[in-house]
>>> print(open('input-v5.pdb').read())   # PDB, C-alpha atoms and all ligand atoms
ATOM      1  CA  MET D   1      -2.558 -65.715  24.377
ATOM      2  CA  ALA D   2      -2.162 -69.242  23.067
ATOM      3  CA  ARG D   3      -1.280 -69.402  19.375
ATOM      4  CA  ARG D   4      -4.316 -70.008  17.259
ATOM      5  CA  ARG D   5      -4.587 -72.163  14.214
ATOM      6  CA  GLN D   6      -4.002 -70.197  11.031
ATOM      7  CA  ILE D   7      -6.677 -70.913   8.434
ATOM      8  CA  TYR D   8      -5.487 -68.756   5.549
ATOM      9  CA  GLU D   9      -2.913 -66.075   4.766
ATOM     10  CA  GLY D  10      -3.693 -63.525   2.072
ATOM     11  CA  LYS D  11      -1.714 -60.543   0.868
ATOM     12  CA  ALA D  12      -3.045 -58.072   3.426
ATOM     13  CA  LYS D  13      -4.754 -60.241   6.042
ATOM     14  CA  ILE D  14      -4.460 -63.495   7.972
ATOM     15  CA  LEU D  15      -7.431 -65.575   9.092
ATOM     16  CA  TYR D  16      -7.202 -67.570  12.322
ATOM     17  CA  GLU D  17      -9.596 -70.018  13.862
ATOM     18  CA  GLY D  18     -12.161 -68.125  15.971
ATOM     19  CA  PRO D  19     -13.273 -68.799  19.550
ATOM     20  CA  GLU D  20     -16.498 -70.521  18.442
ATOM     21  CA  PRO D  21     -17.426 -72.727  15.493
ATOM     22  CA  GLY D  22     -18.407 -70.599  12.513
ATOM     23  CA  THR D  23     -16.214 -67.680  13.571
ATOM     24  CA  LEU D  24     -12.743 -66.517  12.517
ATOM     25  CA  ILE D  25     -10.276 -63.876  13.630
ATOM     26  CA  GLN D  26      -9.278 -61.543  10.790
ATOM     27  CA  TYR D  27      -5.799 -60.029  11.354
ATOM     28  CA  PHE D  28      -4.833 -56.923   9.326
ATOM     29  CA  LYS D  29      -1.187 -56.764   8.172
ATOM     30  CA  ASP D  30       0.818 -53.719   7.101
ATOM     31  CA  ASP D  31       1.851 -55.579   3.933
ATOM     32  CA  ALA D  32       0.795 -54.033   0.645
ATOM     33  CA  THR D  33       0.931 -55.458  -2.845
ATOM     34  CA  ALA D  34      -0.046 -54.120  -6.233
ATOM     35  CA  PHE D  35      -0.243 -55.341  -9.808
ATOM     36  CA  ASN D  36      -0.807 -58.931  -8.745
ATOM     37  CA  ALA D  37       1.862 -58.871  -6.113
ATOM     38  CA  GLN D  38       4.565 -57.853  -8.587
ATOM     39  CA  LYS D  39       5.043 -54.798  -6.373
ATOM     40  CA  ARG D  40       5.404 -55.434  -2.649
ATOM     41  CA  GLY D  41       5.927 -53.198   0.342
ATOM     42  CA  THR D  42       4.664 -52.233   3.747
ATOM     43  CA  ILE D  43       2.555 -49.280   4.762
ATOM     44  CA  SER D  44       3.375 -48.658   8.398
ATOM     45  CA  GLY D  45       0.275 -48.692  10.596
ATOM     46  CA  LYS D  46      -2.028 -49.646   7.693
ATOM     47  CA  GLY D  47      -3.340 -52.776   9.414
ATOM     48  CA  VAL D  48      -4.413 -50.821  12.487
ATOM     49  CA  LEU D  49      -6.156 -48.166  10.395
ATOM     50  CA  ASN D  50      -7.859 -50.595   7.998
ATOM     51  CA  ASN D  51      -9.130 -52.661  10.934
ATOM     52  CA  ARG D  52     -10.681 -49.537  12.433
ATOM     53  CA  ILE D  53     -11.977 -48.087   9.125
ATOM     54  CA  SER D  54     -13.504 -51.400   8.055
ATOM     55  CA  GLU D  55     -15.127 -51.840  11.488
ATOM     56  CA  HIS D  56     -16.628 -48.369  11.181
ATOM     57  CA  ILE D  57     -18.019 -48.972   7.685
ATOM     58  CA  PHE D  58     -19.324 -52.510   8.290
ATOM     59  CA  THR D  59     -21.019 -51.369  11.508
ATOM     60  CA  ALA D  60     -22.669 -48.483   9.659
ATOM     61  CA  LEU D  61     -23.779 -50.803   6.835
ATOM     62  CA  ALA D  62     -25.378 -53.165   9.370
ATOM     63  CA  THR D  63     -27.508 -50.255  10.609
ATOM     64  CA  ILE D  64     -29.035 -49.864   7.123
ATOM     65  CA  GLY D  65     -29.681 -53.600   6.898
ATOM     66  CA  VAL D  66     -26.735 -54.818   4.812
ATOM     67  CA  PRO D  67     -25.717 -58.169   6.335
ATOM     68  CA  THR D  68     -21.942 -58.453   6.898
ATOM     69  CA  HIS D  69     -19.459 -60.938   8.335
ATOM     70  CA  PHE D  70     -18.286 -58.427  10.970
ATOM     71  CA  ILE D  71     -19.029 -59.318  14.608
ATOM     72  CA  ARG D  72     -16.689 -57.076  16.641
ATOM     73  CA  ARG D  73     -13.179 -55.679  16.758
ATOM     74  CA  VAL D  74     -11.062 -57.505  19.323
ATOM     75  CA  ASN D  75      -7.895 -55.416  19.310
ATOM     76  CA  MET D  76      -5.862 -52.977  17.208
ATOM     77  CA  ARG D  77      -5.260 -55.409  14.358
ATOM     78  CA  GLU D  78      -7.915 -58.077  14.756
ATOM     79  CA  GLN D  79     -11.641 -58.465  14.369
ATOM     80  CA  LEU D  80     -13.996 -61.354  15.030
ATOM     81  CA  ILE D  81     -15.937 -62.300  11.908
ATOM     82  CA  ARG D  82     -18.373 -64.948  10.742
ATOM     83  CA  GLN D  83     -16.821 -67.686   8.679
ATOM     84  CA  VAL D  84     -18.186 -67.625   5.127
ATOM     85  CA  GLU D  85     -17.679 -69.527   1.922
ATOM     86  CA  ILE D  86     -16.090 -66.782  -0.179
ATOM     87  CA  ILE D  87     -17.653 -66.289  -3.617
ATOM     88  CA  PRO D  88     -14.580 -66.245  -5.899
ATOM     89  CA  ILE D  89     -15.562 -62.960  -7.532
ATOM     90  CA  GLU D  90     -14.303 -59.430  -6.905
ATOM     91  CA  ILE D  91     -17.157 -56.969  -7.370
ATOM     92  CA  VAL D  92     -15.932 -53.563  -8.536
ATOM     93  CA  ILE D  93     -18.318 -50.599  -8.400
ATOM     94  CA  ARG D  94     -17.354 -47.485 -10.364
ATOM     95  CA  ASN D  95     -18.759 -43.958 -10.176
ATOM     96  CA  VAL D  96     -15.882 -42.141 -11.887
ATOM     97  CA  ALA D  97     -13.503 -43.445 -14.577
ATOM     98  CA  ALA D  98     -10.070 -44.430 -13.212
ATOM     99  CA  GLY D  99      -7.583 -47.283 -13.112
ATOM    100  CA  SER D 100      -8.153 -50.267 -15.352
ATOM    101  CA  LEU D 101     -11.411 -48.857 -16.793
ATOM    102  CA  SER D 102      -9.620 -45.744 -18.052
ATOM    103  CA  LYS D 103      -6.795 -47.861 -19.437
ATOM    104  CA  ARG D 104      -8.994 -50.511 -21.063
ATOM    105  CA  LEU D 105     -11.501 -48.145 -22.709
ATOM    106  CA  GLY D 106      -9.412 -44.991 -23.114
ATOM    107  CA  ILE D 107     -11.686 -42.886 -20.901
ATOM    108  CA  GLU D 108      -9.945 -40.008 -19.218
ATOM    109  CA  GLU D 109      -9.357 -40.558 -15.518
ATOM    110  CA  GLY D 110     -11.746 -38.422 -13.473
ATOM    111  CA  THR D 111     -14.627 -38.547 -15.974
ATOM    112  CA  GLN D 112     -17.899 -38.820 -14.052
ATOM    113  CA  LEU D 113     -19.743 -41.883 -15.371
ATOM    114  CA  PRO D 114     -23.342 -41.277 -16.518
ATOM    115  CA  ARG D 115     -24.378 -44.315 -14.470
ATOM    116  CA  THR D 116     -22.730 -46.569 -11.924
ATOM    117  CA  ILE D 117     -20.950 -49.575 -13.411
ATOM    118  CA  ILE D 118     -20.628 -52.960 -11.688
ATOM    119  CA  GLU D 119     -17.869 -55.236 -12.933
ATOM    120  CA  TYR D 120     -16.902 -58.758 -11.952
ATOM    121  CA  TYR D 121     -13.380 -60.153 -11.778
ATOM    122  CA  TYR D 122     -12.539 -63.813 -11.173
ATOM    123  CA  LYS D 123     -10.502 -64.050  -7.954
ATOM    124  CA  ASP D 124      -7.422 -65.903  -9.148
ATOM    125  CA  ASP D 125      -3.979 -64.373  -8.644
ATOM    126  CA  ALA D 126      -2.297 -66.793 -11.034
ATOM    127  CA  LEU D 127      -4.610 -65.556 -13.801
ATOM    128  CA  GLY D 128      -4.303 -61.906 -12.734
ATOM    129  CA  ASP D 129      -7.961 -61.608 -11.603
ATOM    130  CA  PRO D 130      -9.458 -61.473 -15.125
ATOM    131  CA  LEU D 131     -12.573 -59.450 -15.953
ATOM    132  CA  ILE D 132     -15.568 -61.774 -16.387
ATOM    133  CA  SER D 133     -19.270 -61.470 -17.224
ATOM    134  CA  ASP D 134     -22.479 -62.973 -15.803
ATOM    135  CA  GLU D 135     -22.170 -65.650 -18.475
ATOM    136  CA  HIS D 136     -18.870 -66.920 -17.053
ATOM    137  CA  ILE D 137     -20.272 -66.877 -13.518
ATOM    138  CA  ALA D 138     -23.311 -68.939 -14.568
ATOM    139  CA  CYS D 139     -21.347 -71.250 -16.864
ATOM    140  CA  PHE D 140     -18.758 -72.197 -14.252
ATOM    141  CA  GLY D 141     -21.217 -72.187 -11.336
ATOM    142  CA  TRP D 142     -19.324 -69.642  -9.195
ATOM    143  CA  ALA D 143     -22.659 -68.254  -7.962
ATOM    144  CA  SER D 144     -26.337 -68.769  -8.807
ATOM    145  CA  GLN D 145     -28.408 -66.152 -10.629
ATOM    146  CA  GLU D 146     -30.326 -65.497  -7.430
ATOM    147  CA  GLU D 147     -27.081 -64.970  -5.510
ATOM    148  CA  MET D 148     -25.794 -62.585  -8.200
ATOM    149  CA  ASN D 149     -29.046 -60.588  -7.966
ATOM    150  CA  ASP D 150     -28.557 -60.277  -4.194
ATOM    151  CA  ILE D 151     -24.909 -59.306  -4.684
ATOM    152  CA  ALA D 152     -25.699 -56.606  -7.261
ATOM    153  CA  ASP D 153     -28.535 -55.199  -5.092
ATOM    154  CA  MET D 154     -26.285 -55.063  -2.026
ATOM    155  CA  ALA D 155     -23.397 -53.562  -4.014
ATOM    156  CA  ILE D 156     -25.636 -50.687  -5.173
ATOM    157  CA  ARG D 157     -26.925 -50.099  -1.644
ATOM    158  CA  VAL D 158     -23.364 -50.087  -0.287
ATOM    159  CA  ASN D 159     -22.328 -47.666  -3.038
ATOM    160  CA  ASP D 160     -25.199 -45.258  -2.340
ATOM    161  CA  PHE D 161     -24.477 -45.309   1.372
ATOM    162  CA  LEU D 162     -20.703 -44.918   1.009
ATOM    163  CA  CYS D 163     -20.958 -42.117  -1.593
ATOM    164  CA  GLY D 164     -22.962 -40.114   0.943
ATOM    165  CA  MET D 165     -20.745 -41.042   3.870
ATOM    166  CA  PHE D 166     -17.581 -39.986   2.038
ATOM    167  CA  ALA D 167     -19.126 -36.863   0.459
ATOM    168  CA  ALA D 168     -19.947 -35.688   3.983
ATOM    169  CA  ILE D 169     -16.204 -35.686   4.777
ATOM    170  CA  GLY D 170     -15.118 -34.065   1.503
ATOM    171  CA  ILE D 171     -14.207 -37.245  -0.368
ATOM    172  CA  ARG D 172     -15.315 -38.577  -3.749
ATOM    173  CA  LEU D 173     -15.816 -42.349  -3.864
ATOM    174  CA  VAL D 174     -14.380 -43.023  -7.324
ATOM    175  CA  ASP D 175     -14.554 -46.825  -7.248
ATOM    176  CA  PHE D 176     -14.160 -49.723  -4.848
ATOM    177  CA  LYS D 177     -14.043 -53.504  -4.581
ATOM    178  CA  LEU D 178     -16.323 -55.768  -2.542
ATOM    179  CA  GLU D 179     -16.276 -59.470  -1.732
ATOM    180  CA  PHE D 180     -19.239 -61.526  -0.620
ATOM    181  CA  GLY D 181     -19.577 -64.892   1.067
ATOM    182  CA  ARG D 182     -22.157 -67.590   1.621
ATOM    183  CA  VAL D 183     -23.397 -68.626   5.079
ATOM    184  CA  TRP D 184     -25.543 -71.686   5.597
ATOM    185  CA  ASP D 185     -28.735 -71.996   7.689
ATOM    186  CA  GLY D 186     -29.307 -75.723   7.321
ATOM    187  CA  ASP D 187     -29.820 -76.258   3.589
ATOM    188  CA  PHE D 188     -30.443 -72.599   2.921
ATOM    189  CA  ALA D 189     -27.547 -70.379   1.804
ATOM    190  CA  ARG D 190     -27.514 -66.622   2.329
ATOM    191  CA  ILE D 191     -25.136 -64.014   0.910
ATOM    192  CA  ILE D 192     -23.404 -61.557   3.238
ATOM    193  CA  LEU D 193     -20.741 -58.878   2.728
ATOM    194  CA  ALA D 194     -17.254 -60.150   3.647
ATOM    195  CA  ASP D 195     -13.558 -59.157   3.465
ATOM    196  CA  GLU D 196     -12.970 -55.449   4.268
ATOM    197  CA  ILE D 197     -13.746 -51.939   3.070
ATOM    198  CA  SER D 198     -10.698 -49.698   3.460
ATOM    199  CA  PRO D 199      -8.410 -47.425   1.421
ATOM    200  CA  ASP D 200      -6.718 -50.644   0.160
ATOM    201  CA  GLY D 201      -9.704 -51.446  -2.053
ATOM    202  CA  CYS D 202     -11.263 -48.039  -2.702
ATOM    203  CA  ARG D 203     -10.275 -45.001  -4.746
ATOM    204  CA  LEU D 204     -10.891 -41.984  -2.536
ATOM    205  CA  TRP D 205     -10.190 -38.514  -3.906
ATOM    206  CA  ASP D 206     -10.363 -35.222  -2.054
ATOM    207  CA  LEU D 207     -13.486 -33.485  -3.398
ATOM    208  CA  LYS D 208     -11.787 -30.119  -3.854
ATOM    209  CA  SER D 209      -8.219 -30.937  -4.890
ATOM    210  CA  ASN D 210      -8.744 -34.428  -6.393
ATOM    211  CA  GLU D 211      -5.760 -35.567  -4.306
ATOM    212  CA  LYS D 212      -5.651 -39.366  -4.091
ATOM    213  CA  LEU D 213      -6.120 -40.603  -0.495
ATOM    214  CA  ASP D 214      -5.911 -44.373  -1.026
ATOM    215  CA  LYS D 215      -3.675 -47.259  -2.087
ATOM    216  CA  ASP D 216      -3.011 -45.630  -5.482
ATOM    217  CA  ARG D 217      -0.388 -43.561  -3.599
ATOM    218  CA  PHE D 218       1.463 -46.847  -3.028
ATOM    219  CA  ARG D 219       0.697 -48.350  -6.476
ATOM    220  CA  LEU D 220       1.885 -45.236  -8.297
ATOM    221  CA  ASP D 221       4.720 -44.242  -5.902
ATOM    222  CA  LEU D 222       3.098 -40.904  -5.087
ATOM    223  CA  GLY D 223       4.555 -40.699  -1.547
ATOM    224  CA  LYS D 224       2.709 -39.796   1.681
ATOM    225  CA  VAL D 225       1.060 -43.215   1.692
ATOM    226  CA  GLU D 226       0.697 -43.582   5.479
ATOM    227  CA  GLU D 227      -0.579 -40.001   5.681
ATOM    228  CA  ALA D 228      -3.358 -40.756   3.193
ATOM    229  CA  TYR D 229      -4.699 -43.696   5.275
ATOM    230  CA  GLN D 230      -4.435 -41.554   8.409
ATOM    231  CA  GLU D 231      -6.290 -38.722   6.708
ATOM    232  CA  ILE D 232      -9.218 -40.995   5.841
ATOM    233  CA  ALA D 233      -9.370 -42.306   9.427
ATOM    234  CA  ARG D 234      -9.088 -38.755  10.760
ATOM    235  CA  ARG D 235     -11.922 -37.422   8.583
ATOM    236  CA  LEU D 236     -14.100 -40.361   9.626
ATOM    237  CA  GLY D 237     -13.484 -39.293  13.223
ATOM    238  CA  LEU D 238     -11.527 -42.443  14.046
ATOM    239  CA  MET D 239      -8.216 -40.861  15.050
ATOM    240  CA  PRO D 240      -7.480 -38.920  18.189
ATOM    241  CA  GLU D 241      -6.266 -35.465  17.112
ATOM    242  CA  GLY D 242      -2.651 -34.302  17.437
ATOM    243  CA  GLU D 243       0.075 -36.159  19.262
ATOM    244  CA  GLU D 244      -2.142 -38.937  20.477
ATOM    245  CA  GLU D 245      -2.625 -40.148  16.934
ATOM    246  CA  ASN D 246       1.032 -41.141  16.725
ATOM    247  CA  ALA D 247       0.790 -42.672  20.167
ATOM    248  CA  VAL D 248      -1.836 -45.068  18.825
ATOM    249  CA  LEU D 249       0.499 -46.310  16.095
ATOM    250  CA  ASP D 250       3.562 -46.315  18.387
ATOM    251  CA  PHE D 251       1.665 -48.397  20.897
ATOM    252  CA  ASP D 252       0.943 -50.945  18.202
ATOM    253  CA  LYS D 253       4.622 -51.022  17.165
ATOM    254  CA  HIS D 254       5.681 -51.773  20.770
ATOM    255  CA  ARG D 255       3.057 -54.459  21.016
ATOM    256  CA  LYS D 256       4.408 -56.104  17.854
ATOM    257  CA  LYS D 257       7.976 -55.974  19.181
ATOM    258  CA  ARG D 258       6.804 -57.845  22.246
ATOM    259  CA  GLY D 259       5.610 -60.528  19.880
ATOM    260  CA  ARG D 260       1.879 -60.159  20.394
TER     261      ARG D 260
HETATM  262  P1  LIG D 301      -8.943 -51.228 -11.098
HETATM  263  O1  LIG D 301      -9.274 -49.894 -11.702
HETATM  264  O2  LIG D 301      -7.483 -51.471 -10.978
HETATM  265  O3  LIG D 301      -9.676 -52.345 -11.801
HETATM  266  O4  LIG D 301      -9.498 -51.197  -9.604
HETATM  267  C1  LIG D 301     -10.831 -50.893  -9.306
HETATM  268  C2  LIG D 301     -11.020 -50.803  -7.801
HETATM  269  O5  LIG D 301     -10.874 -52.068  -7.193
HETATM  270  C3  LIG D 301     -10.027 -49.896  -7.092
HETATM  271  O6  LIG D 301     -10.726 -49.145  -6.111
HETATM  272  C4  LIG D 301      -9.058 -50.799  -6.430
HETATM  273  C5  LIG D 301      -9.828 -52.050  -6.216
HETATM  274  N1  LIG D 301      -9.012 -53.244  -6.416
HETATM  275  C6  LIG D 301      -8.799 -54.116  -5.361
HETATM  276  O7  LIG D 301      -9.256 -53.869  -4.254
HETATM  277  N2  LIG D 301      -8.054 -55.240  -5.582
HETATM  278  C7  LIG D 301      -7.526 -55.535  -6.783
HETATM  279  O8  LIG D 301      -6.884 -56.565  -6.914
HETATM  280  C8  LIG D 301      -7.755 -54.623  -7.871
HETATM  281  C9  LIG D 301      -7.175 -54.901  -9.226
HETATM  282  C10 LIG D 301      -8.508 -53.501  -7.630
END
>>> encode(input="input-v5.pdb", output="structure tokens", more="lines below")
Ligand code: TMP
Amino acid sequence: MARRRQIYEGKAKILYEGPEPGTLIQYFKDDATAFNAQKRGTISGKGVLNNRISEHIFTALATIGVPTHFIRRVNMREQLIRQVEIIPIEIVIRNVAAGSLSKRLGIEEGTQLPRTIIEYYYKDDALGDPLISDEHIACFGWASQEEMNDIADMAIRVNDFLCGMFAAIGIRLVDFKLEFGRVWDGDFARIILADEISPDGCRLWDLKSNEKLDKDRFRLDLGKVEEAYQEIARRLGLMPEGEEENAVLDFDKHRKKRGR
């Protein structure tokens, strides 16, 4: 395939020009970073699994009427998406205390929250993605009040749907991060879900054992990182059972060696 024009390279994904105007190809890397890229590594096969997991979740969300940037998966590591103007805010939805919330407010990790919390972080690596409020968003014009209402409504719908989806496979959705983007219909802008939903940006704990099955295994050096991503894909029914599952990842490795 002819080399496409690269539009953007992030920490875990690359965006290439898509086949038609208004589309992009989103390529999932195995690279992993944590703590604002102070910690770097690779999680072998992560890109393949996140591509598949995110496809599965975005497709399911579309069926309940949540508009997303996802169009279709094109191969093991790439999906065709709609080009959006990314809103520079990370939306974090929390059901259970963990991570920075536990640290900041001294709430024991694993405490069920009496209500779901939505937090906003300004997407700026150099500043370490600082926590912000509605006031900052309005003051600096990162999104309109109407857009923030749409974002909060969609975030709650996504949370309700995902809590049920994960509970059905024995997993507690502790917290997760979403990103949204703007698409234009003439002069009219609409907000749709963008980026990805995968174990990179979710805390997923086994319901019975509380075992962490997400990127915290990488952040906290807990080991069995690849296995955790595979376990999520397996429980979602996205992995062939047994030997074939390794064949899928091996196939991708060979493909990469051939320079595709
Ligand atoms: P936090 O507890 O570290 O603030 O993270 C909350 C959730 O957001 C957690 O599921 C991981 C996810 N997250 C990202 O996806 N990207 C980030 O840069 C950070 C800090 C968190």
>>> closest_atom_pairs(input="input-v5.pdb", of="chain D", to="ligand LIG 301 (chain D)", cutoff="6 Å", atoms="only C-alpha atoms and all ligand atoms", output="JSON lines")
{"residue": "D:Val92", "atom": "CA", "partner": "D:LIG301", "partner_atom": "O5", "distance": 5.4}
{"residue": "D:Ala98", "atom": "CA", "partner": "D:LIG301", "partner_atom": "O1", "distance": 5.7}
{"residue": "D:Gly99", "atom": "CA", "partner": "D:LIG301", "partner_atom": "O1", "distance": 3.4}
{"residue": "D:Ser100", "atom": "CA", "partner": "D:LIG301", "partner_atom": "O1", "distance": 3.8}
{"residue": "D:Leu101", "atom": "CA", "partner": "D:LIG301", "partner_atom": "O1", "distance": 5.6}
{"residue": "D:Asp175", "atom": "CA", "partner": "D:LIG301", "partner_atom": "O6", "distance": 4.6}
{"residue": "D:Phe176", "atom": "CA", "partner": "D:LIG301", "partner_atom": "O6", "distance": 3.7}
{"residue": "D:Lys177", "atom": "CA", "partner": "D:LIG301", "partner_atom": "O5", "distance": 4.4}
{"residue": "D:Gly201", "atom": "CA", "partner": "D:LIG301", "partner_atom": "O7", "distance": 3.3}
{"residue": "D:Cys202", "atom": "CA", "partner": "D:LIG301", "partner_atom": "O6", "distance": 3.6}
{"residue": "D:Arg203", "atom": "CA", "partner": "D:LIG301", "partner_atom": "O6", "distance": 4.4}
>>> atom_distance(input="input-v5.pdb", atom1="CA of Leu131 in chain D", atom2="CA of Ala228 in chain D")
28.3 Å
>>> residues_around(input="input-v5.pdb", residues="Gln26 in chain D", least_positions_apart="3", cutoff="8 Å", atoms="only C-alpha atoms", output="list of chain:residue names")
D:Lys13, D:Ile14, D:Leu15, D:Tyr16, D:Glu78, D:Gln79, D:Leu80, D:Ile81
>>> resolve_selection(input="input-v5.pdb", expression="the PyMOL selection byres (((chain D and resi 117) around 7) and not hetatm)", output="PyMOL selection string")
chain D and resi 93-95+115-116+118-119
>>> residues_around(input="input-v5.pdb", residues="Tyr121 in chain D", least_positions_apart="3", cutoff="6 Å", atoms="all atoms listed in the file", output="short mmCIF file (atom, residue, chain, number, x, y, z; two decimals) with C-alpha atoms, keeping the file's coordinate frame")
data_model
loop_
_atom_site.label_atom_id
_atom_site.label_comp_id
_atom_site.auth_asym_id
_atom_site.auth_seq_id
_atom_site.Cartn_x
_atom_site.Cartn_y
_atom_site.Cartn_z
CA ILE D 89 -15.56 -62.96 -7.53
CA GLU D 90 -14.30 -59.43 -6.90
CA ASP D 129 -7.96 -61.61 -11.60
CA PRO D 130 -9.46 -61.47 -15.12
CA LEU D 131 -12.57 -59.45 -15.95
CA ILE D 132 -15.57 -61.77 -16.39
#
>>> residues_near_point(input="input-v5.pdb", point="(-22.0, -68.2, -6.3)", cutoff="9 Å", atoms="all atoms listed in the file", output="ChimeraX atom specification")
/D:86-89,137-138,141-148,181-182,191
>>> atom_distance(input="input-v5.pdb", atom1="CA of Ala37 in chain D", atom2="CA of Leu222 in chain D")
18.0 Å
>>> resolve_selection(input="input-v5.pdb", expression="the PyMOL selection byres (((chain D and resi 200) around 8) and not hetatm)", output="list in words")
Asn50, Ile197, Ser198, Pro199, Gly201, Cys202, Asp214 and Lys215 of chain D
>>> closest_residue(input="input-v5.pdb", among="D:His136, D:Arg72, D:Arg5, D:Lys123", to="Arg52 in chain D", atoms="all atoms listed in the file")
D:Arg72
>>> residues_around(input="input-v5.pdb", residues="Ser209 in chain D", least_positions_apart="3", cutoff="12 Å", atoms="all atoms listed in the file", output="list in words")
Gly110, Gly170, Ile171, Arg172, Leu204, Trp205, Asp206, Lys212 and Leu213 of chain D
>>> residues_around(input="input-v5.pdb", residues="Asp195 in chain D", least_positions_apart="4", cutoff="8 Å", atoms="only C-alpha atoms", output="mmCIF file with C-alpha atoms, in the coordinates of the input")
data_model
loop_
_atom_site.group_PDB
_atom_site.id
_atom_site.type_symbol
_atom_site.label_atom_id
_atom_site.label_comp_id
_atom_site.auth_asym_id
_atom_site.auth_seq_id
_atom_site.Cartn_x
_atom_site.Cartn_y
_atom_site.Cartn_z
ATOM 1 C CA HIS D 69 -19.459 -60.938 8.335
ATOM 2 C CA LEU D 178 -16.323 -55.768 -2.542
ATOM 3 C CA GLU D 179 -16.276 -59.470 -1.732
ATOM 4 C CA PHE D 180 -19.239 -61.526 -0.620
#
>>> decode(input="input-v5.pdb", residues="range 128-140 of chain D", atoms="N, CA and C atoms", output="PDB file, in the first residue's frame")
ATOM      1  N   GLY D 128       0.812  18.625  32.257  1.00  0.00           N
ATOM      2  CA  GLY D 128       0.441  17.433  33.026  1.00  0.00           C
ATOM      3  C   GLY D 128      -1.066  17.232  33.117  1.00  0.00           C
ATOM      4  N   ASP D 129      -1.803  17.620  32.063  1.00  0.00           N
ATOM      5  CA  ASP D 129      -3.267  17.442  32.028  1.00  0.00           C
ATOM      6  C   ASP D 129      -3.947  17.879  33.333  1.00  0.00           C
ATOM      7  N   PRO D 130      -3.930  19.168  33.659  1.00  0.00           N
ATOM      8  CA  PRO D 130      -4.465  19.593  34.960  1.00  0.00           C
ATOM      9  C   PRO D 130      -5.993  19.465  35.063  1.00  0.00           C
ATOM     10  N   LEU D 131      -6.449  19.187  36.266  1.00  0.00           N
ATOM     11  CA  LEU D 131      -7.883  19.143  36.572  1.00  0.00           C
ATOM     12  C   LEU D 131      -8.456  20.550  36.405  1.00  0.00           C
ATOM     13  N   ILE D 132      -9.594  20.653  35.722  1.00  0.00           N
ATOM     14  CA  ILE D 132     -10.221  21.959  35.495  1.00  0.00           C
ATOM     15  C   ILE D 132     -11.712  21.876  35.825  1.00  0.00           C
ATOM     16  N   SER D 133     -12.369  23.016  35.880  1.00  0.00           N
ATOM     17  CA  SER D 133     -13.814  23.039  36.144  1.00  0.00           C
ATOM     18  C   SER D 133     -14.534  23.642  34.938  1.00  0.00           C
ATOM     19  N   ASP D 134     -15.864  23.615  34.989  1.00  0.00           N
ATOM     20  CA  ASP D 134     -16.698  24.238  33.949  1.00  0.00           C
ATOM     21  C   ASP D 134     -16.303  25.689  33.719  1.00  0.00           C
ATOM     22  N   GLU D 135     -15.935  26.350  34.813  1.00  0.00           N
ATOM     23  CA  GLU D 135     -15.569  27.773  34.746  1.00  0.00           C
ATOM     24  C   GLU D 135     -14.377  27.992  33.817  1.00  0.00           C
ATOM     25  N   HIS D 136     -13.366  27.115  33.929  1.00  0.00           N
ATOM     26  CA  HIS D 136     -12.193  27.250  33.057  1.00  0.00           C
ATOM     27  C   HIS D 136     -12.575  27.003  31.603  1.00  0.00           C
ATOM     28  N   ILE D 137     -13.448  25.996  31.409  1.00  0.00           N
ATOM     29  CA  ILE D 137     -13.848  25.631  30.041  1.00  0.00           C
ATOM     30  C   ILE D 137     -14.580  26.803  29.386  1.00  0.00           C
ATOM     31  N   ALA D 138     -15.484  27.436  30.148  1.00  0.00           N
ATOM     32  CA  ALA D 138     -16.240  28.580  29.619  1.00  0.00           C
ATOM     33  C   ALA D 138     -15.315  29.786  29.430  1.00  0.00           C
ATOM     34  N   CYS D 139     -14.486  30.039  30.422  1.00  0.00           N
ATOM     35  CA  CYS D 139     -13.620  31.225  30.397  1.00  0.00           C
ATOM     36  C   CYS D 139     -12.671  31.211  29.197  1.00  0.00           C
ATOM     37  N   PHE D 140     -12.092  30.037  28.925  1.00  0.00           N
ATOM     38  CA  PHE D 140     -11.103  29.965  27.848  1.00  0.00           C
ATOM     39  C   PHE D 140     -11.708  29.484  26.521  1.00  0.00           C
TER      40      PHE D 140
END
